[in-house]
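Here is the file model-v2.pdb (PDB, C-alpha atoms).
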```pdb
ATOM      1  CA  MET G   1      10.826  23.552  -1.092  1.00  0.00           C
ATOM      2  CA  HIS G   2       7.504  21.785  -1.601  1.00  0.00           C
ATOM      3  CA  PRO G   3       7.058  18.105  -0.709  1.00  0.00           C
ATOM      4  CA  ILE G   4       7.864  15.598  -3.421  1.00  0.00           C
ATOM      5  CA  THR G   5       4.587  14.458  -4.941  1.00  0.00           C
ATOM      6  CA  PRO G   6       4.243  11.125  -6.737  1.00  0.00           C
ATOM      7  CA  CYS G   7       2.312  11.354 -10.003  1.00  0.00           C
ATOM      8  CA  LEU G   8       0.382   8.336 -11.253  1.00  0.00           C
ATOM      9  CA  TRP G   9      -0.265   8.185 -15.015  1.00  0.00           C
ATOM     10  CA  PHE G  10      -3.742   6.872 -15.805  1.00  0.00           C
ATOM     11  CA  ASP G  11      -5.263   6.357 -19.223  1.00  0.00           C
ATOM     12  CA  SER G  12      -8.447   8.301 -18.474  1.00  0.00           C
ATOM     13  CA  GLN G  13      -9.575   7.212 -15.002  1.00  0.00           C
ATOM     14  CA  ALA G  14      -7.850   9.780 -12.735  1.00  0.00           C
ATOM     15  CA  GLU G  15     -11.151  11.157 -11.408  1.00  0.00           C
ATOM     16  CA  GLN G  16     -12.554   7.708 -10.650  1.00  0.00           C
ATOM     17  CA  ALA G  17      -9.316   6.703  -8.922  1.00  0.00           C
ATOM     18  CA  ALA G  18      -9.347   9.921  -6.872  1.00  0.00           C
ATOM     19  CA  GLU G  19     -12.928   9.223  -5.770  1.00  0.00           C
ATOM     20  CA  LEU G  20     -12.040   5.684  -4.696  1.00  0.00           C
ATOM     21  CA  TYR G  21      -8.839   6.600  -2.859  1.00  0.00           C
ATOM     22  CA  VAL G  22     -10.388   9.559  -1.038  1.00  0.00           C
ATOM     23  CA  SER G  23     -13.348   7.381   0.009  1.00  0.00           C
ATOM     24  CA  LEU G  24     -11.084   4.717   1.536  1.00  0.00           C
ATOM     25  CA  PHE G  25      -8.679   6.797   3.617  1.00  0.00           C
ATOM     26  CA  PRO G  26     -10.057   8.713   6.617  1.00  0.00           C
ATOM     27  CA  GLY G  27      -9.252  12.412   6.372  1.00  0.00           C
ATOM     28  CA  ALA G  28      -8.244  12.117   2.709  1.00  0.00           C
ATOM     29  CA  ARG G  29      -9.285  14.951   0.460  1.00  0.00           C
ATOM     30  CA  ARG G  30      -9.363  16.140  -3.089  1.00  0.00           C
ATOM     31  CA  LEU G  31      -7.202  19.240  -3.406  1.00  0.00           C
ATOM     32  CA  SER G  32      -7.692  20.384  -6.994  1.00  0.00           C
ATOM     33  CA  THR G  33      -8.640  19.445 -10.528  1.00  0.00           C
ATOM     34  CA  THR G  34      -6.849  20.846 -13.572  1.00  0.00           C
ATOM     35  CA  LEU G  35      -8.382  20.687 -17.030  1.00  0.00           C
ATOM     36  CA  TYR G  36      -6.501  20.341 -20.301  1.00  0.00           C
ATOM     37  CA  PRO G  37      -6.109  23.748 -21.949  1.00  0.00           C
ATOM     38  CA  GLU G  38      -6.535  24.429 -25.648  1.00  0.00           C
ATOM     39  CA  GLY G  39      -3.544  23.244 -27.648  1.00  0.00           C
ATOM     40  CA  ALA G  40      -2.426  20.634 -25.095  1.00  0.00           C
ATOM     41  CA  PRO G  41      -2.091  16.954 -26.024  1.00  0.00           C
ATOM     42  CA  GLY G  42      -5.352  16.053 -24.216  1.00  0.00           C
ATOM     43  CA  LEU G  43      -8.910  17.002 -25.099  1.00  0.00           C
ATOM     44  CA  ALA G  44      -9.398  20.672 -24.156  1.00  0.00           C
ATOM     45  CA  GLY G  45     -11.689  20.974 -21.137  1.00  0.00           C
ATOM     46  CA  SER G  46     -11.256  17.356 -20.029  1.00  0.00           C
ATOM     47  CA  VAL G  47      -9.591  16.435 -16.729  1.00  0.00           C
ATOM     48  CA  MET G  48      -5.807  16.472 -16.957  1.00  0.00           C
ATOM     49  CA  LEU G  49      -4.785  16.306 -13.269  1.00  0.00           C
ATOM     50  CA  VAL G  50      -6.440  15.527  -9.969  1.00  0.00           C
ATOM     51  CA  ASP G  51      -4.448  16.350  -6.844  1.00  0.00           C
ATOM     52  CA  ILE G  52      -5.407  14.512  -3.669  1.00  0.00           C
ATOM     53  CA  GLU G  53      -4.035  14.017  -0.179  1.00  0.00           C
ATOM     54  CA  LEU G  54      -3.980  10.595   1.493  1.00  0.00           C
ATOM     55  CA  ASN G  55      -2.968  10.433   5.160  1.00  0.00           C
ATOM     56  CA  GLY G  56      -1.187  13.767   4.774  1.00  0.00           C
ATOM     57  CA  SER G  57       0.737  12.702   1.655  1.00  0.00           C
ATOM     58  CA  PRO G  58       0.131  14.474  -1.646  1.00  0.00           C
ATOM     59  CA  LEU G  59      -0.611  12.378  -4.720  1.00  0.00           C
ATOM     60  CA  GLN G  60      -1.193  13.598  -8.255  1.00  0.00           C
ATOM     61  CA  LEU G  61      -3.297  11.610 -10.718  1.00  0.00           C
ATOM     62  CA  LEU G  62      -2.772  12.351 -14.419  1.00  0.00           C
ATOM     63  CA  ASN G  63      -4.991  11.401 -17.345  1.00  0.00           C
ATOM     64  CA  GLY G  64      -2.191  10.885 -19.852  1.00  0.00           C
ATOM     65  CA  GLY G  65      -3.594   8.246 -22.192  1.00  0.00           C
ATOM     66  CA  PRO G  66      -2.716   4.566 -22.671  1.00  0.00           C
ATOM     67  CA  LEU G  67       0.992   4.992 -23.454  1.00  0.00           C
ATOM     68  CA  PHE G  68       2.373   4.017 -20.017  1.00  0.00           C
ATOM     69  CA  PRO G  69       0.522   1.273 -18.092  1.00  0.00           C
ATOM     70  CA  PHE G  70       1.186   0.600 -14.416  1.00  0.00           C
ATOM     71  CA  THR G  71       3.536  -2.184 -13.305  1.00  0.00           C
ATOM     72  CA  GLU G  72       4.397  -3.714  -9.950  1.00  0.00           C
ATOM     73  CA  ALA G  73       7.740  -1.893 -10.072  1.00  0.00           C
ATOM     74  CA  ILE G  74       5.995   0.970  -8.254  1.00  0.00           C
ATOM     75  CA  SER G  75       3.502   0.476  -5.445  1.00  0.00           C
ATOM     76  CA  LEU G  76       1.753   2.571  -2.829  1.00  0.00           C
ATOM     77  CA  VAL G  77       2.196   1.320   0.733  1.00  0.00           C
ATOM     78  CA  ALA G  78      -0.694   1.727   3.156  1.00  0.00           C
ATOM     79  CA  THR G  79       0.564   0.999   6.676  1.00  0.00           C
ATOM     80  CA  VAL G  80      -2.286   0.407   9.108  1.00  0.00           C
ATOM     81  CA  GLU G  81      -2.718  -0.427  12.790  1.00  0.00           C
ATOM     82  CA  THR G  82      -5.528  -3.006  12.883  1.00  0.00           C
ATOM     83  CA  GLN G  83      -6.890  -6.026  11.069  1.00  0.00           C
ATOM     84  CA  ASP G  84     -10.138  -4.130  10.485  1.00  0.00           C
ATOM     85  CA  GLU G  85      -8.166  -1.462   8.617  1.00  0.00           C
ATOM     86  CA  ILE G  86      -6.381  -4.107   6.533  1.00  0.00           C
ATOM     87  CA  ASP G  87      -9.704  -5.759   5.691  1.00  0.00           C
ATOM     88  CA  ARG G  88     -11.449  -2.494   4.811  1.00  0.00           C
ATOM     89  CA  LEU G  89      -8.657  -1.140   2.606  1.00  0.00           C
ATOM     90  CA  TRP G  90      -7.944  -4.490   0.955  1.00  0.00           C
ATOM     91  CA  ASP G  91     -11.599  -5.100   0.160  1.00  0.00           C
ATOM     92  CA  GLY G  92     -12.127  -1.524  -1.055  1.00  0.00           C
ATOM     93  CA  LEU G  93      -9.071  -1.575  -3.297  1.00  0.00           C
ATOM     94  CA  ILE G  94      -9.796  -4.930  -4.958  1.00  0.00           C
ATOM     95  CA  ASP G  95     -13.523  -4.220  -5.299  1.00  0.00           C
ATOM     96  CA  ASP G  96     -14.894  -3.966  -8.834  1.00  0.00           C
ATOM     97  CA  GLY G  97     -12.048  -5.615 -10.728  1.00  0.00           C
ATOM     98  CA  GLY G  98      -8.930  -5.422  -8.567  1.00  0.00           C
ATOM     99  CA  GLN G  99      -6.627  -8.409  -8.188  1.00  0.00           C
ATOM    100  CA  PRO G 100      -5.132  -9.845  -5.011  1.00  0.00           C
ATOM    101  CA  SER G 101      -1.496 -10.862  -5.130  1.00  0.00           C
ATOM    102  CA  GLN G 102       0.766 -12.214  -2.412  1.00  0.00           C
ATOM    103  CA  CYS G 103       2.385 -10.875   0.746  1.00  0.00           C
ATOM    104  CA  GLY G 104      -0.136  -8.055   1.208  1.00  0.00           C
ATOM    105  CA  TRP G 105       0.126  -6.784  -2.390  1.00  0.00           C
ATOM    106  CA  LEU G 106      -2.792  -6.171  -4.714  1.00  0.00           C
ATOM    107  CA  LYS G 107      -3.701  -4.267  -7.852  1.00  0.00           C
ATOM    108  CA  ASP G 108      -6.726  -2.014  -7.766  1.00  0.00           C
ATOM    109  CA  ARG G 109      -9.174  -1.894 -10.687  1.00  0.00           C
ATOM    110  CA  PHE G 110      -7.029   0.805 -12.339  1.00  0.00           C
ATOM    111  CA  GLY G 111      -3.897  -1.361 -12.269  1.00  0.00           C
ATOM    112  CA  VAL G 112      -2.150   0.536  -9.450  1.00  0.00           C
ATOM    113  CA  SER G 113      -0.185  -1.777  -7.137  1.00  0.00           C
ATOM    114  CA  TRP G 114      -0.695  -1.379  -3.389  1.00  0.00           C
ATOM    115  CA  GLN G 115       0.788  -2.975  -0.299  1.00  0.00           C
ATOM    116  CA  VAL G 116      -1.568  -3.086   2.691  1.00  0.00           C
ATOM    117  CA  VAL G 117       0.619  -3.898   5.691  1.00  0.00           C
ATOM    118  CA  PRO G 118       0.389  -3.736   9.476  1.00  0.00           C
ATOM    119  CA  ALA G 119       2.576  -1.216  11.300  1.00  0.00           C
ATOM    120  CA  GLY G 120       3.711  -4.042  13.586  1.00  0.00           C
ATOM    121  CA  LEU G 121       5.976  -5.465  10.876  1.00  0.00           C
ATOM    122  CA  GLN G 122       8.292  -2.466  11.166  1.00  0.00           C
ATOM    123  CA  GLU G 123       8.473  -2.894  14.952  1.00  0.00           C
ATOM    124  CA  MET G 124       8.974  -6.654  14.560  1.00  0.00           C
ATOM    125  CA  ALA G 125      12.084  -6.006  12.432  1.00  0.00           C
ATOM    126  CA  ALA G 126      13.943  -4.913  15.584  1.00  0.00           C
ATOM    127  CA  ASP G 127      14.130  -8.602  16.547  1.00  0.00           C
ATOM    128  CA  PRO G 128      15.672 -10.415  13.535  1.00  0.00           C
ATOM    129  CA  GLU G 129      14.659 -13.927  14.611  1.00  0.00           C
ATOM    130  CA  ARG G 130      11.081 -12.941  15.371  1.00  0.00           C
ATOM    131  CA  PHE G 131      10.923 -10.927  12.139  1.00  0.00           C
ATOM    132  CA  ALA G 132      12.187 -13.901  10.096  1.00  0.00           C
ATOM    133  CA  ARG G 133       9.442 -16.140  11.503  1.00  0.00           C
ATOM    134  CA  GLY G 134       6.788 -13.464  10.910  1.00  0.00           C
ATOM    135  CA  MET G 135       7.964 -12.910   7.344  1.00  0.00           C
ATOM    136  CA  GLN G 136       7.757 -16.639   6.642  1.00  0.00           C
ATOM    137  CA  ALA G 137       4.061 -16.399   7.486  1.00  0.00           C
ATOM    138  CA  VAL G 138       3.670 -13.299   5.292  1.00  0.00           C
ATOM    139  CA  LEU G 139       5.155 -15.171   2.322  1.00  0.00           C
ATOM    140  CA  GLY G 140       2.262 -17.646   2.427  1.00  0.00           C
ATOM    141  CA  MET G 141      -0.491 -15.020   2.539  1.00  0.00           C
ATOM    142  CA  THR G 142      -2.383 -12.855   0.110  1.00  0.00           C
ATOM    143  CA  LYS G 143      -4.228 -10.418   2.408  1.00  0.00           C
ATOM    144  CA  LEU G 144      -2.168 -10.158   5.581  1.00  0.00           C
ATOM    145  CA  ASP G 145      -3.522 -11.513   8.858  1.00  0.00           C
ATOM    146  CA  ILE G 146      -1.982  -9.784  11.865  1.00  0.00           C
ATOM    147  CA  ALA G 147      -2.902 -12.551  14.335  1.00  0.00           C
ATOM    148  CA  GLN G 148      -1.321 -15.255  12.147  1.00  0.00           C
ATOM    149  CA  ILE G 149       1.822 -13.161  11.581  1.00  0.00           C
ATOM    150  CA  ASN G 150       2.204 -12.550  15.326  1.00  0.00           C
ATOM    151  CA  ALA G 151       1.558 -16.216  16.162  1.00  0.00           C
ATOM    152  CA  ALA G 152       4.244 -17.310  13.670  1.00  0.00           C
ATOM    153  CA  ALA G 153       6.670 -14.662  14.950  1.00  0.00           C
ATOM    154  CA  ASP G 154       6.163 -15.775  18.565  1.00  0.00           C
ATOM    155  CA  ALA G 155       6.425 -19.518  17.816  1.00  0.00           C
ATOM    156  CA  ARG G 156       9.637 -21.197  18.909  1.00  0.00           C
TER     157      ARG G 156
END
```

I need this file expressed as structure tokens, please.
Amino acid sequence: MHPITPCLWFDSQAEQAAELYVSLFPGARRLSTTLYPEGAPGLAGSVMLVDIELNGSPLQLLNGGPLFPFTEAISLVATVETQDEIDRLWDGLIDDGGQPSQCGWLKDRFGVSWQVVPAGLQEMAADPERFARGMQAVLGMTKLDIAQINAAADAR
């Protein structure tokens, strides 16, 4: 069986989204581009699908038209190790029209919701009291700050 691949429905910006996502994730790559054939709902010869790989995970981007816009009900989670990685991804994803939200969430310029979170939060969850204090700090943030989260988690 093949891996399960999420498919994101864009109006017409699948190629631009693929370029942005592949540029932001080290080792990411564009796998294939499929054009609309004659007789399909889209314009024949225009880009229908772009398949990419981000951090080893497949992702399919579909140009399906304006019928189904993105909502926060679905988000992509980018778990990173360092503050530099948080800053780079966050800034790259909100660049050119994206919108910051709270608790490490944002929308990129295409309307796709992302969570940019440090790997340490998963480890912190092993200690419920420490995790509760760290999460209280997260609730007051937009872009997450690892040092502030750790300081709050370690406070007594």

Exercise: residues within 7 Å of coordinate (2.9, 1.4, -3.1), counting all atoms listed in the file, as a PyMOL selection string: chain G and resi 74-77+113-115

Expansion of the PyMOL selection byres ((chain G and resi 7) around 10) into residues, as a ChimeraX atom specification: /G:4-6,8-10,49-51,58-62

Taking C-alpha atoms for each residue, export the selection above as a PDB file, in the coordinates of the input.
```pdb
ATOM      1  CA  ILE G   4       7.864  15.598  -3.421  1.00  0.00           C
ATOM      2  CA  THR G   5       4.587  14.458  -4.941  1.00  0.00           C
ATOM      3  CA  PRO G   6       4.243  11.125  -6.737  1.00  0.00           C
ATOM      4  CA  LEU G   8       0.382   8.336 -11.253  1.00  0.00           C
ATOM      5  CA  TRP G   9      -0.265   8.185 -15.015  1.00  0.00           C
ATOM      6  CA  PHE G  10      -3.742   6.872 -15.805  1.00  0.00           C
ATOM      7  CA  LEU G  49      -4.785  16.306 -13.269  1.00  0.00           C
ATOM      8  CA  VAL G  50      -6.440  15.527  -9.969  1.00  0.00           C
ATOM      9  CA  ASP G  51      -4.448  16.350  -6.844  1.00  0.00           C
ATOM     10  CA  PRO G  58       0.131  14.474  -1.646  1.00  0.00           C
ATOM     11  CA  LEU G  59      -0.611  12.378  -4.720  1.00  0.00           C
ATOM     12  CA  GLN G  60      -1.193  13.598  -8.255  1.00  0.00           C
ATOM     13  CA  LEU G  61      -3.297  11.610 -10.718  1.00  0.00           C
ATOM     14  CA  LEU G  62      -2.772  12.351 -14.419  1.00  0.00           C
TER      15      LEU G  62
END
```

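Our summary of the geometry notes that atom CA of Gln148 of chain G is positioned 19.2 Å from atom CA of Leu106 of chain G.
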
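Residues captured in this structure file are Pro118, Ala119, Gly120, Leu121, Gln122, Glu123, Ala125, Ala126, Asp127, Pro128, Glu129, Arg130, Phe131, Ala132, Arg133, Gly134, Met135, Ile146, Ile149, Asn150, Ala152, Ala153 and Asp154 of chain G, according to the PyMOL selection byres ((chain G and resi 124) around 12).
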
List the residues matched by the PyMOL selection byres ((chain G and resi 82-99) around 9) in the displayed structure as a compact mmCIF listing (two decimals) with C-alpha atoms, in the coordinates of the input, ordered by chain and then by residue number.
```txt
# COMPACT_ATOMS: atom_id res chain seq x y z
CA LEU G 20 -12.04 5.68 -4.70
CA TYR G 21 -8.84 6.60 -2.86
CA LEU G 24 -11.08 4.72 1.54
CA PHE G 25 -8.68 6.80 3.62
CA ALA G 78 -0.69 1.73 3.16
CA THR G 79 0.56 1.00 6.68
CA VAL G 80 -2.29 0.41 9.11
CA GLU G 81 -2.72 -0.43 12.79
CA PRO G 100 -5.13 -9.85 -5.01
CA SER G 101 -1.50 -10.86 -5.13
CA GLY G 104 -0.14 -8.06 1.21
CA LEU G 106 -2.79 -6.17 -4.71
CA LYS G 107 -3.70 -4.27 -7.85
CA ASP G 108 -6.73 -2.01 -7.77
CA ARG G 109 -9.17 -1.89 -10.69
CA PHE G 110 -7.03 0.80 -12.34
CA GLY G 111 -3.90 -1.36 -12.27
CA TRP G 114 -0.70 -1.38 -3.39
CA GLN G 115 0.79 -2.98 -0.30
CA VAL G 116 -1.57 -3.09 2.69
CA VAL G 117 0.62 -3.90 5.69
CA PRO G 118 0.39 -3.74 9.48
CA ALA G 119 2.58 -1.22 11.30
CA LYS G 143 -4.23 -10.42 2.41
CA LEU G 144 -2.17 -10.16 5.58
CA ASP G 145 -3.52 -11.51 8.86
CA ILE G 146 -1.98 -9.78 11.86
CA ALA G 147 -2.90 -12.55 14.34
```

With N, CA, C and O atoms retained, output segment 50-81 of chain G as an mmCIF file, in the first residue's frame.
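Below is the file part.cif, written as the result:
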```
data_model
loop_
_atom_site.group_PDB
_atom_site.id
_atom_site.type_symbol
_atom_site.label_atom_id
_atom_site.label_comp_id
_atom_site.auth_asym_id
_atom_site.auth_seq_id
_atom_site.Cartn_x
_atom_site.Cartn_y
_atom_site.Cartn_z
ATOM 1 N N VAL G 50 0.219 19.167 -8.573
ATOM 2 C CA VAL G 50 1.652 19.218 -8.323
ATOM 3 C C VAL G 50 1.896 18.347 -7.096
ATOM 4 O O VAL G 50 1.303 18.569 -6.043
ATOM 5 N N ASP G 51 2.728 17.335 -7.259
ATOM 6 C CA ASP G 51 3.091 16.459 -6.149
ATOM 7 C C ASP G 51 4.461 16.874 -5.641
ATOM 8 O O ASP G 51 5.406 17.007 -6.420
ATOM 9 N N ILE G 52 4.537 17.071 -4.313
ATOM 10 C CA ILE G 52 5.795 17.457 -3.684
ATOM 11 C C ILE G 52 6.050 16.549 -2.488
ATOM 12 O O ILE G 52 5.169 15.800 -2.063
ATOM 13 N N GLU G 53 7.259 16.651 -1.958
ATOM 14 C CA GLU G 53 7.632 15.931 -0.751
ATOM 15 C C GLU G 53 8.269 16.925 0.205
ATOM 16 O O GLU G 53 9.201 17.639 -0.161
ATOM 17 N N LEU G 54 7.726 17.006 1.423
ATOM 18 C CA LEU G 54 8.255 17.877 2.463
ATOM 19 C C LEU G 54 8.699 17.018 3.634
ATOM 20 O O LEU G 54 7.882 16.305 4.219
ATOM 21 N N ASN G 55 9.963 17.072 3.968
ATOM 22 C CA ASN G 55 10.507 16.285 5.087
ATOM 23 C C ASN G 55 10.113 14.813 4.987
ATOM 24 O O ASN G 55 9.761 14.189 5.984
ATOM 25 N N GLY G 56 10.113 14.280 3.783
ATOM 26 C CA GLY G 56 9.796 12.874 3.570
ATOM 27 C C GLY G 56 8.317 12.566 3.455
ATOM 28 O O GLY G 56 7.950 11.423 3.216
ATOM 29 N N SER G 57 7.458 13.566 3.645
ATOM 30 C CA SER G 57 6.010 13.352 3.559
ATOM 31 C C SER G 57 5.478 13.835 2.218
ATOM 32 O O SER G 57 5.733 14.972 1.814
ATOM 33 N N PRO G 58 4.689 12.990 1.543
ATOM 34 C CA PRO G 58 4.116 13.420 0.272
ATOM 35 C C PRO G 58 2.976 14.403 0.499
ATOM 36 O O PRO G 58 2.265 14.340 1.505
ATOM 37 N N LEU G 59 2.812 15.312 -0.429
ATOM 38 C CA LEU G 59 1.737 16.299 -0.391
ATOM 39 C C LEU G 59 1.338 16.599 -1.825
ATOM 40 O O LEU G 59 2.195 16.837 -2.678
ATOM 41 N N GLN G 60 0.042 16.559 -2.083
ATOM 42 C CA GLN G 60 -0.463 16.820 -3.427
ATOM 43 C C GLN G 60 -1.203 18.150 -3.414
ATOM 44 O O GLN G 60 -2.010 18.419 -2.525
ATOM 45 N N LEU G 61 -0.918 18.983 -4.396
ATOM 46 C CA LEU G 61 -1.540 20.295 -4.524
ATOM 47 C C LEU G 61 -2.370 20.290 -5.798
ATOM 48 O O LEU G 61 -1.852 20.034 -6.878
ATOM 49 N N LEU G 62 -3.655 20.585 -5.662
ATOM 50 C CA LEU G 62 -4.613 20.517 -6.767
ATOM 51 C C LEU G 62 -5.128 21.901 -7.116
ATOM 52 O O LEU G 62 -5.557 22.642 -6.229
ATOM 53 N N ASN G 63 -5.101 22.257 -8.386
ATOM 54 C CA ASN G 63 -5.786 23.451 -8.865
ATOM 55 C C ASN G 63 -7.212 23.029 -9.211
ATOM 56 O O ASN G 63 -7.469 22.479 -10.271
ATOM 57 N N GLY G 64 -8.129 23.262 -8.280
ATOM 58 C CA GLY G 64 -9.502 22.804 -8.460
ATOM 59 C C GLY G 64 -10.522 23.909 -8.623
ATOM 60 O O GLY G 64 -11.708 23.637 -8.748
ATOM 61 N N GLY G 65 -10.081 25.169 -8.588
ATOM 62 C CA GLY G 65 -11.021 26.275 -8.698
ATOM 63 C C GLY G 65 -11.452 26.786 -7.330
ATOM 64 O O GLY G 65 -11.042 26.263 -6.295
ATOM 65 N N PRO G 66 -12.292 27.806 -7.307
ATOM 66 C CA PRO G 66 -12.621 28.521 -6.065
ATOM 67 C C PRO G 66 -13.706 27.873 -5.199
ATOM 68 O O PRO G 66 -14.081 28.430 -4.171
ATOM 69 N N LEU G 67 -14.191 26.708 -5.568
ATOM 70 C CA LEU G 67 -15.336 26.119 -4.883
ATOM 71 C C LEU G 67 -15.098 25.833 -3.399
ATOM 72 O O LEU G 67 -15.978 26.034 -2.568
ATOM 73 N N PHE G 68 -13.907 25.361 -3.037
ATOM 74 C CA PHE G 68 -13.638 24.950 -1.655
ATOM 75 C C PHE G 68 -12.446 25.708 -1.080
ATOM 76 O O PHE G 68 -11.302 25.301 -1.252
ATOM 77 N N PRO G 69 -12.686 26.794 -0.348
ATOM 78 C CA PRO G 69 -11.564 27.527 0.274
ATOM 79 C C PRO G 69 -11.044 26.793 1.505
ATOM 80 O O PRO G 69 -11.735 25.971 2.111
ATOM 81 N N PHE G 70 -9.813 27.102 1.882
ATOM 82 C CA PHE G 70 -9.199 26.519 3.066
ATOM 83 C C PHE G 70 -9.839 27.078 4.333
ATOM 84 O O PHE G 70 -10.302 28.215 4.353
ATOM 85 N N THR G 71 -9.838 26.273 5.388
ATOM 86 C CA THR G 71 -10.245 26.731 6.722
ATOM 87 C C THR G 71 -9.215 26.235 7.723
ATOM 88 O O THR G 71 -8.395 25.366 7.417
ATOM 89 N N GLU G 72 -9.316 26.742 8.944
ATOM 90 C CA GLU G 72 -8.412 26.312 10.009
ATOM 91 C C GLU G 72 -8.711 24.899 10.497
ATOM 92 O O GLU G 72 -7.967 24.360 11.314
ATOM 93 N N ALA G 73 -9.785 24.297 10.005
ATOM 94 C CA ALA G 73 -10.126 22.938 10.438
ATOM 95 C C ALA G 73 -9.041 21.933 10.047
ATOM 96 O O ALA G 73 -8.932 20.876 10.655
ATOM 97 N N ILE G 74 -8.241 22.265 9.061
ATOM 98 C CA ILE G 74 -7.120 21.431 8.637
ATOM 99 C C ILE G 74 -5.870 22.302 8.649
ATOM 100 O O ILE G 74 -5.885 23.421 8.141
ATOM 101 N N SER G 75 -4.802 21.785 9.237
ATOM 102 C CA SER G 75 -3.542 22.527 9.225
ATOM 103 C C SER G 75 -2.389 21.562 9.008
ATOM 104 O O SER G 75 -2.506 20.364 9.261
ATOM 105 N N LEU G 76 -1.290 22.100 8.524
ATOM 106 C CA LEU G 76 -0.056 21.344 8.366
ATOM 107 C C LEU G 76 0.841 21.704 9.543
ATOM 108 O O LEU G 76 1.004 22.889 9.863
ATOM 109 N N VAL G 77 1.400 20.702 10.195
ATOM 110 C CA VAL G 77 2.240 20.925 11.367
ATOM 111 C C VAL G 77 3.696 20.736 10.977
ATOM 112 O O VAL G 77 4.086 19.671 10.501
ATOM 113 N N ALA G 78 4.479 21.786 11.172
ATOM 114 C CA ALA G 78 5.921 21.732 10.942
ATOM 115 C C ALA G 78 6.586 21.723 12.316
ATOM 116 O O ALA G 78 6.580 22.732 13.024
ATOM 117 N N THR G 79 7.126 20.579 12.702
ATOM 118 C CA THR G 79 7.805 20.438 13.989
ATOM 119 C C THR G 79 9.298 20.623 13.756
ATOM 120 O O THR G 79 9.878 19.934 12.925
ATOM 121 N N VAL G 80 9.884 21.578 14.479
ATOM 122 C CA VAL G 80 11.278 21.938 14.253
ATOM 123 C C VAL G 80 12.070 21.861 15.562
ATOM 124 O O VAL G 80 11.488 21.803 16.644
ATOM 125 N N GLU G 81 13.386 21.889 15.434
ATOM 126 C CA GLU G 81 14.264 21.731 16.596
ATOM 127 C C GLU G 81 14.704 23.056 17.217
ATOM 128 O O GLU G 81 14.925 23.117 18.423
#
```
